[in-house]
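Peer 1: Structure supplied as target.txt; contents: compact mmCIF, C-alpha atoms and all ligand atoms.
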# COMPACT_ATOMS: atom_id res chain seq x y z
CA MET A 1 23.00 -6.95 -3.98
CA LEU A 2 19.83 -5.73 -2.29
CA SER A 3 20.49 -5.19 1.36
CA ALA A 4 17.90 -4.39 4.03
CA LYS A 5 19.02 -3.76 7.58
CA GLN A 6 17.08 -3.35 10.81
CA LEU A 7 13.77 -2.44 9.16
CA THR A 8 10.94 -1.49 11.49
CA CYS A 9 7.44 -0.57 10.39
CA ILE A 10 4.50 0.48 12.53
CA ARG A 11 1.12 1.08 10.92
CA ASN A 12 -2.12 1.93 12.71
CA GLN A 13 -0.23 1.45 15.99
CA ARG A 14 0.58 -2.13 15.03
CA VAL A 15 4.16 -3.29 14.55
CA LEU A 16 4.24 -5.04 11.17
CA PHE A 17 7.93 -5.93 11.37
CA GLU A 18 10.77 -4.97 13.66
CA ASN A 19 14.55 -5.09 13.17
CA LEU A 20 14.06 -7.08 9.98
CA SER A 21 17.26 -7.70 8.00
CA PHE A 22 17.87 -9.66 4.81
CA SER A 23 19.88 -9.55 1.63
CA VAL A 24 19.30 -10.76 -1.91
CA GLN A 25 22.28 -11.27 -4.20
CA SER A 26 22.44 -10.53 -7.91
CA GLY A 27 20.91 -13.44 -9.79
CA GLN A 28 18.58 -14.36 -6.94
CA LEU A 29 14.83 -14.31 -6.39
CA MET A 30 13.31 -13.61 -2.99
CA TYR A 31 9.84 -14.96 -2.38
CA LEU A 32 7.97 -12.98 0.26
CA THR A 33 5.16 -14.89 1.95
CA GLY A 34 2.77 -14.34 4.81
CA PRO A 35 -0.91 -14.05 5.66
CA ASN A 36 -3.23 -11.21 4.67
CA GLY A 37 -2.31 -8.02 6.47
CA ALA A 38 1.13 -9.21 7.56
CA GLY A 39 2.79 -6.29 5.79
CA LYS A 40 4.09 -7.75 2.52
CA SER A 41 2.89 -4.91 0.29
CA THR A 42 4.13 -2.40 2.84
CA LEU A 43 7.55 -4.02 2.82
CA LEU A 44 7.69 -4.06 -0.98
CA ARG A 45 6.69 -0.39 -1.15
CA SER A 46 9.36 0.38 1.43
CA LEU A 47 11.98 -1.45 -0.61
CA VAL A 48 11.35 0.85 -3.55
CA GLY A 49 11.17 4.00 -1.46
CA LEU A 50 7.39 4.49 -1.67
CA HIS A 51 6.76 3.98 2.02
CA GLN A 52 8.68 5.64 4.82
CA LEU A 53 9.76 3.23 7.53
CA GLN A 54 10.22 4.14 11.19
CA GLN A 55 13.70 2.68 11.06
CA GLY A 56 16.06 0.90 8.70
CA ASN A 57 18.50 1.10 5.89
CA ILE A 58 17.96 -0.21 2.35
CA GLU A 59 20.65 -0.29 -0.32
CA LEU A 60 20.91 -1.60 -3.87
CA SER A 61 24.46 -2.22 -5.09
CA GLN A 62 25.66 -0.30 -2.01
CA GLU A 63 23.69 2.82 -2.99
CA PRO A 64 20.82 4.18 -0.89
CA ILE A 65 17.60 2.93 -2.46
CA GLU A 66 16.34 6.52 -2.89
CA ASP A 67 19.11 7.08 -5.46
CA CYS A 68 18.36 3.93 -7.49
CA GLY A 69 15.14 4.87 -9.28
CA ALA A 70 16.37 3.91 -12.74
CA ASP A 71 17.49 0.50 -11.48
CA ILE A 72 14.10 -0.45 -10.03
CA LEU A 73 10.95 -1.74 -11.68
CA PHE A 74 8.01 -1.87 -9.28
CA ILE A 75 4.67 -3.33 -10.26
CA GLY A 76 2.21 -3.04 -7.41
CA HIS A 77 -0.98 -5.02 -7.06
CA LYS A 78 -2.85 -1.87 -8.02
CA ALA A 79 -0.97 -1.65 -11.27
CA ALA A 80 -0.42 1.79 -12.71
CA VAL A 81 -2.40 1.10 -15.86
CA ASN A 82 -4.61 3.87 -17.22
CA GLU A 83 -7.86 2.05 -17.95
CA TRP A 84 -9.14 4.85 -20.19
CA LEU A 85 -6.26 4.30 -22.57
CA SER A 86 -5.60 1.27 -24.77
CA ALA A 87 -2.78 -1.19 -24.09
CA ARG A 88 -0.83 0.41 -26.93
CA GLN A 89 -1.30 3.91 -25.52
CA ASN A 90 -0.24 2.75 -22.05
CA ILE A 91 2.90 1.22 -23.51
CA GLU A 92 3.67 4.33 -25.53
CA HIS A 93 3.22 6.39 -22.38
CA TRP A 94 5.56 4.22 -20.27
CA PHE A 95 8.32 3.83 -22.78
CA GLY A 96 7.90 7.18 -24.50
CA LEU A 97 8.65 8.83 -21.17
CA LYS A 98 11.83 6.82 -20.85
CA ASP A 99 12.77 7.57 -24.44
CA GLN A 100 13.34 3.88 -25.11
CA ILE A 101 13.04 2.26 -28.46
CA VAL A 102 10.43 -0.45 -28.12
CA ASP A 103 7.94 -1.88 -30.54
CA PRO A 104 4.55 -1.72 -28.77
CA GLN A 105 3.03 -4.32 -31.10
CA GLN A 106 5.81 -6.79 -30.37
CA LEU A 107 5.23 -6.38 -26.62
CA ILE A 108 1.49 -6.73 -27.06
CA ASN A 109 1.98 -9.97 -28.97
CA LYS A 110 4.37 -11.28 -26.32
CA VAL A 111 1.79 -10.90 -23.56
CA GLY A 112 -0.92 -12.50 -25.67
CA LEU A 113 -3.00 -9.40 -26.36
CA ALA A 114 -2.80 -9.34 -30.14
CA GLY A 115 -6.06 -7.98 -31.52
CA LEU A 116 -6.85 -6.18 -28.25
CA ALA A 117 -4.20 -3.49 -28.46
CA ASP A 118 -6.44 -0.59 -29.37
CA ILE A 119 -9.45 -0.92 -27.12
CA PRO A 120 -9.59 0.85 -23.75
CA VAL A 121 -8.08 -1.31 -21.04
CA ARG A 122 -11.29 -1.04 -18.98
CA PHE A 123 -12.96 -3.34 -21.51
CA LEU A 124 -10.40 -6.13 -20.95
CA SER A 125 -10.74 -9.03 -18.51
CA ALA A 126 -8.98 -8.96 -15.13
CA GLY A 127 -6.19 -11.22 -16.39
CA GLN A 128 -5.80 -9.24 -19.60
CA LYS A 129 -5.51 -6.01 -17.60
CA ARG A 130 -2.85 -7.63 -15.48
CA ARG A 131 -1.00 -8.68 -18.64
CA VAL A 132 -0.95 -5.05 -19.77
CA ALA A 133 0.66 -4.08 -16.47
CA LEU A 134 3.23 -6.85 -16.80
CA VAL A 135 4.29 -5.69 -20.27
CA ARG A 136 6.93 -3.60 -18.53
CA LEU A 137 8.79 -6.74 -17.51
CA TRP A 138 9.46 -7.59 -21.12
CA ALA A 139 11.25 -4.36 -21.90
CA SER A 140 12.82 -3.60 -18.56
CA ASP A 141 16.52 -3.06 -18.10
CA ALA A 142 16.08 -2.40 -14.37
CA LYS A 143 18.28 -4.52 -12.13
CA LEU A 144 15.73 -4.93 -9.34
CA TRP A 145 12.19 -6.14 -10.02
CA VAL A 146 9.78 -5.73 -7.14
CA LEU A 147 6.45 -7.35 -7.92
CA ASP A 148 3.38 -7.44 -5.72
CA GLU A 149 1.22 -10.46 -6.57
CA PRO A 150 2.06 -10.50 -10.29
CA PHE A 151 0.20 -13.79 -10.84
CA THR A 152 -3.19 -12.51 -9.74
CA SER A 153 -5.79 -13.38 -12.42
CA ILE A 154 -3.08 -14.77 -14.71
CA ASP A 155 -3.83 -18.13 -16.34
CA VAL A 156 -1.60 -21.23 -16.19
CA THR A 157 0.22 -20.44 -19.44
CA GLY A 158 0.80 -16.86 -18.36
CA VAL A 159 2.21 -17.99 -15.01
CA SER A 160 4.64 -20.29 -16.77
CA VAL A 161 5.77 -17.45 -19.08
CA LEU A 162 6.28 -15.16 -16.09
CA ASN A 163 8.37 -17.79 -14.32
CA GLN A 164 10.54 -18.06 -17.43
CA LEU A 165 10.97 -14.28 -17.46
CA PHE A 166 12.10 -14.38 -13.83
CA GLU A 167 14.60 -17.12 -14.69
CA ARG A 168 15.96 -15.05 -17.55
CA HIS A 169 16.27 -11.96 -15.38
CA LYS A 170 18.16 -13.96 -12.76
CA LYS A 171 20.52 -15.37 -15.40
CA HIS A 172 21.34 -11.82 -16.46
CA GLY A 173 22.29 -10.95 -12.89
CA GLY A 174 18.99 -9.29 -11.99
CA ILE A 175 17.19 -9.48 -8.65
CA VAL A 176 13.51 -10.35 -8.25
CA VAL A 177 11.51 -9.74 -5.09
CA VAL A 178 8.03 -11.13 -5.42
CA THR A 179 5.05 -11.71 -3.21
CA SER A 180 2.32 -14.15 -4.09
CA HIS A 181 -0.29 -16.27 -2.40
CA GLN A 182 0.49 -18.83 -5.08
CA VAL A 183 3.33 -21.30 -4.48
CA LEU A 184 6.36 -20.61 -6.68
CA PRO A 185 8.46 -23.42 -8.21
CA GLU A 186 11.22 -24.38 -5.76
CA SER A 187 13.85 -24.14 -8.47
CA LEU A 188 13.06 -20.45 -8.97
CA VAL A 189 13.28 -19.39 -5.35
CA ASP A 190 16.63 -18.58 -3.74
CA VAL A 191 15.50 -16.79 -0.59
CA THR A 192 12.17 -17.13 1.22
CA LEU A 193 11.07 -14.53 3.71
CA ASN A 194 7.93 -15.24 5.67
CA LEU A 195 6.29 -12.31 7.44
CA GLU A 196 4.25 -13.39 10.44
CA TYR A 197 1.05 -11.58 11.29
CA ARG A 198 1.82 -9.66 14.46
CA PHE A 199 -0.98 -8.59 16.80
N1 LIG B 201 -2.64 3.10 3.20
C1 LIG B 201 -2.65 2.56 4.41
N2 LIG B 201 -2.80 3.32 5.51
C2 LIG B 201 -2.80 2.77 6.74
N3 LIG B 201 -2.65 1.46 6.98
C3 LIG B 201 -2.47 0.67 5.92
C4 LIG B 201 -2.47 1.15 4.59
N4 LIG B 201 -2.29 0.11 3.75
C5 LIG B 201 -2.19 -0.98 4.52
N5 LIG B 201 -2.29 -0.66 5.83
C6 LIG B 201 -2.24 -1.58 6.95
O1 LIG B 201 -0.98 -2.22 6.97
C7 LIG B 201 -1.15 -3.59 7.31
C8 LIG B 201 -0.38 -4.40 6.29
O2 LIG B 201 -0.98 -4.25 5.02
P1 LIG B 201 -0.29 -4.84 3.70
O3 LIG B 201 -1.13 -4.42 2.55
O4 LIG B 201 1.13 -4.45 3.70
O5 LIG B 201 -0.42 -6.41 3.98
P2 LIG B 201 -0.18 -7.65 3.00
O6 LIG B 201 0.65 -8.63 3.76
O7 LIG B 201 0.34 -7.18 1.70
O8 LIG B 201 -1.63 -8.22 2.86
P3 LIG B 201 -2.39 -9.02 1.66
O9 LIG B 201 -1.81 -10.42 1.64
O10 LIG B 201 -3.79 -9.01 2.10
O11 LIG B 201 -2.16 -8.26 0.38
C9 LIG B 201 -2.64 -3.88 7.32
O12 LIG B 201 -3.03 -4.10 8.66
C10 LIG B 201 -3.28 -2.66 6.77
O13 LIG B 201 -4.44 -2.31 7.50
Let me see the structure of the file written as structure tokens.
Ligand SMILES: Nc1ncnc2c1ncn2[C@@H]1O[C@H](COP(=O)(O)OP(=O)(O)OP(=O)(O)O)[C@@H](O)[C@H]1O
Peer 2:
Amino acid sequence: MLSAKQLTCIRNQRVLFENLSFSVQSGQLMYLTGPNGAGKSTLLRSLVGLHQLQQGNIELSQEPIEDCGADILFIGHKAAVNEWLSARQNIEHWFGLKDQIVDPQQLINKVGLAGLADIPVRFLSAGQKRRVALVRLWASDAKLWVLDEPFTSIDVTGVSVLNQLFERHKKHGGIVVVTSHQVLPESLVDVTLNLEYRF
């Protein structure tokens, strides 16, 4: 279970959220919504320990989130893709570091980038770049997926494939926390959290 208790965040002297509490069980997806600037990305970054909150307690499987690095996959909206490297080199970098056995070509095929594996990512389209970033979902054994606007620039087929991946992760007892300005299928969403814009 992902548990967040009494979270408070102040940025630029504006309270983004205050005493915010929620929990997401294993096998559930939480859909985080709200207008531009409400604090969704800030909340997601806080959930994975990348942003220090003024107050609050976050735990995954009853462990402090700071101790759960290996159990978390975070893909931010500024995805950590090296645009000077090819898709294949990015994949080798990610998974080589983790010493995992993955077949880069198989992953490349799965995200529909066959034939584009060896050109620098900066020469790909916006959606293709996003697909490179999302490759990590296919080979992730992390329990918690935290995804900031994963559907941006992704075409209809790609969105449907992503939704299927989320379903599969849920079935295996994983947790997905996702923000998107696109409406998610009702059947996929277990918990909705709407952040209001606070002045
Ligand atoms: N690096 C930063 N330093 C200071 N303030 C920041 C920083 N990043 C974001 N903010 C502020 O925090 C507030 C919330 O931003 P955040 O990116 O979390 O919103 P969001 O809900 O994800 O918005 P959007 O839907 O536009 O992506 C904004 O008012 C923004 O100005």
Peer 1: For ligand LIG 201 (chain B), list the contacting residues at 12 Å or closer, counting only C-alpha atoms and all ligand atoms, as a VMD selection string.
Peer 2: chain A and resid 9 to 17 32 to 46 50 to 52 76 to 78 147 to 150 152 178 to 182 193 to 199
Peer 1: What's the separation between CA of Asp190 (chain A) and CA of Gly112 (chain A), in Å to one decimal place?
Peer 2: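 Separation between CA of Asp190 (chain A) and CA of Gly112 (chain A): 28.7 Å.
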Peer 1: Mind pulling up the distance from CA of Ile72 (chain A) to CA of Arg88 (chain A)?
Peer 2: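 Computed distance, CA of Arg88 (chain A) to CA of Ile72 (chain A), equals 22.6 Å.
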Peer 1: Tell me, in Å to one decimal, how far CA of Ser86 (chain A) is from CA of Ala117 (chain A).
Peer 2: 6.2 Å
Peer 1: Env of region 57-65 of chain A: 7 Å cut, atoms = only C-alpha atoms, seq-sep filter 6 positions within chain, self excluded. Answer as a ChimeraX atom specification.
Peer 2: /A:1-7,47-49
Peer 1: Give me the residues near region 102-110 of chain A as a ChimeraX atom specification, where near means some atom within 8 Å (using only C-alpha atoms) and where sequence neighbours in that chain fewer than 2 positions away do not count.
Peer 2: /A:87-88,91-92,95,100,112-114,117,132,135,138-139
Peer 1: Taking all atoms listed in the file into account, which of A:Glu186, A:Trp84, A:Leu137, A:Glu18 comes nearest Leu165 (chain A)?
Peer 2: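 Going through A:Glu186, A:Trp84, A:Leu137, A:Glu18 one by one, the smallest distance to Leu165 (chain A) is for A:Leu137.
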Peer 1: From the options A:Leu53, A:Asn90, A:Val183, A:Lys170, which residue's atoms come nearest to Gln28 (chain A), counting all atoms listed in the file?
Peer 2: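 Distance minimum relative to Gln28 (chain A) lands on A:Lys170.
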Peer 1: Between A:Leu134, A:Leu85, A:Leu73, A:Leu144, which is the closest to Asp118 (chain A) once you count all atoms listed in the file?
Peer 2: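 Between A:Leu134, A:Leu85, A:Leu73, A:Leu144, the residue approaching Asp118 (chain A) most closely is A:Leu85.
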Peer 1: With only C-alpha atoms as the basis for distance, which of A:Asn82, A:Gln164, A:Gln89, A:Ser23 is at the shortest distance from Arg130 (chain A)?
Peer 2: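 Once distances to Arg130 (chain A) are computed over only C-alpha atoms, the minimum belongs to A:Asn82.
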Peer 1: Compare A:Leu184, A:Val176, A:Met30, A:Val191 by their minimum atom-to-atom distance to Lys143 (chain A), counting all atoms listed in the file, and give me the closest one.
Peer 2: A:Val176
Peer 1: List the residues sitting within 6 Å of (22.1, -10.2, -8.6) in the file's frame, using only C-alpha atoms, as a ChimeraX atom specification.
Peer 2: /A:1,25-28,173-175
Peer 1: Would you mind telling me which residue in A:Gly69, A:Leu29, A:Phe22, A:Gly56 lies nearest to Thr8 (chain A) when using all atoms listed in the file?
Peer 2: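 Nearest to Thr8 (chain A): A:Gly56.
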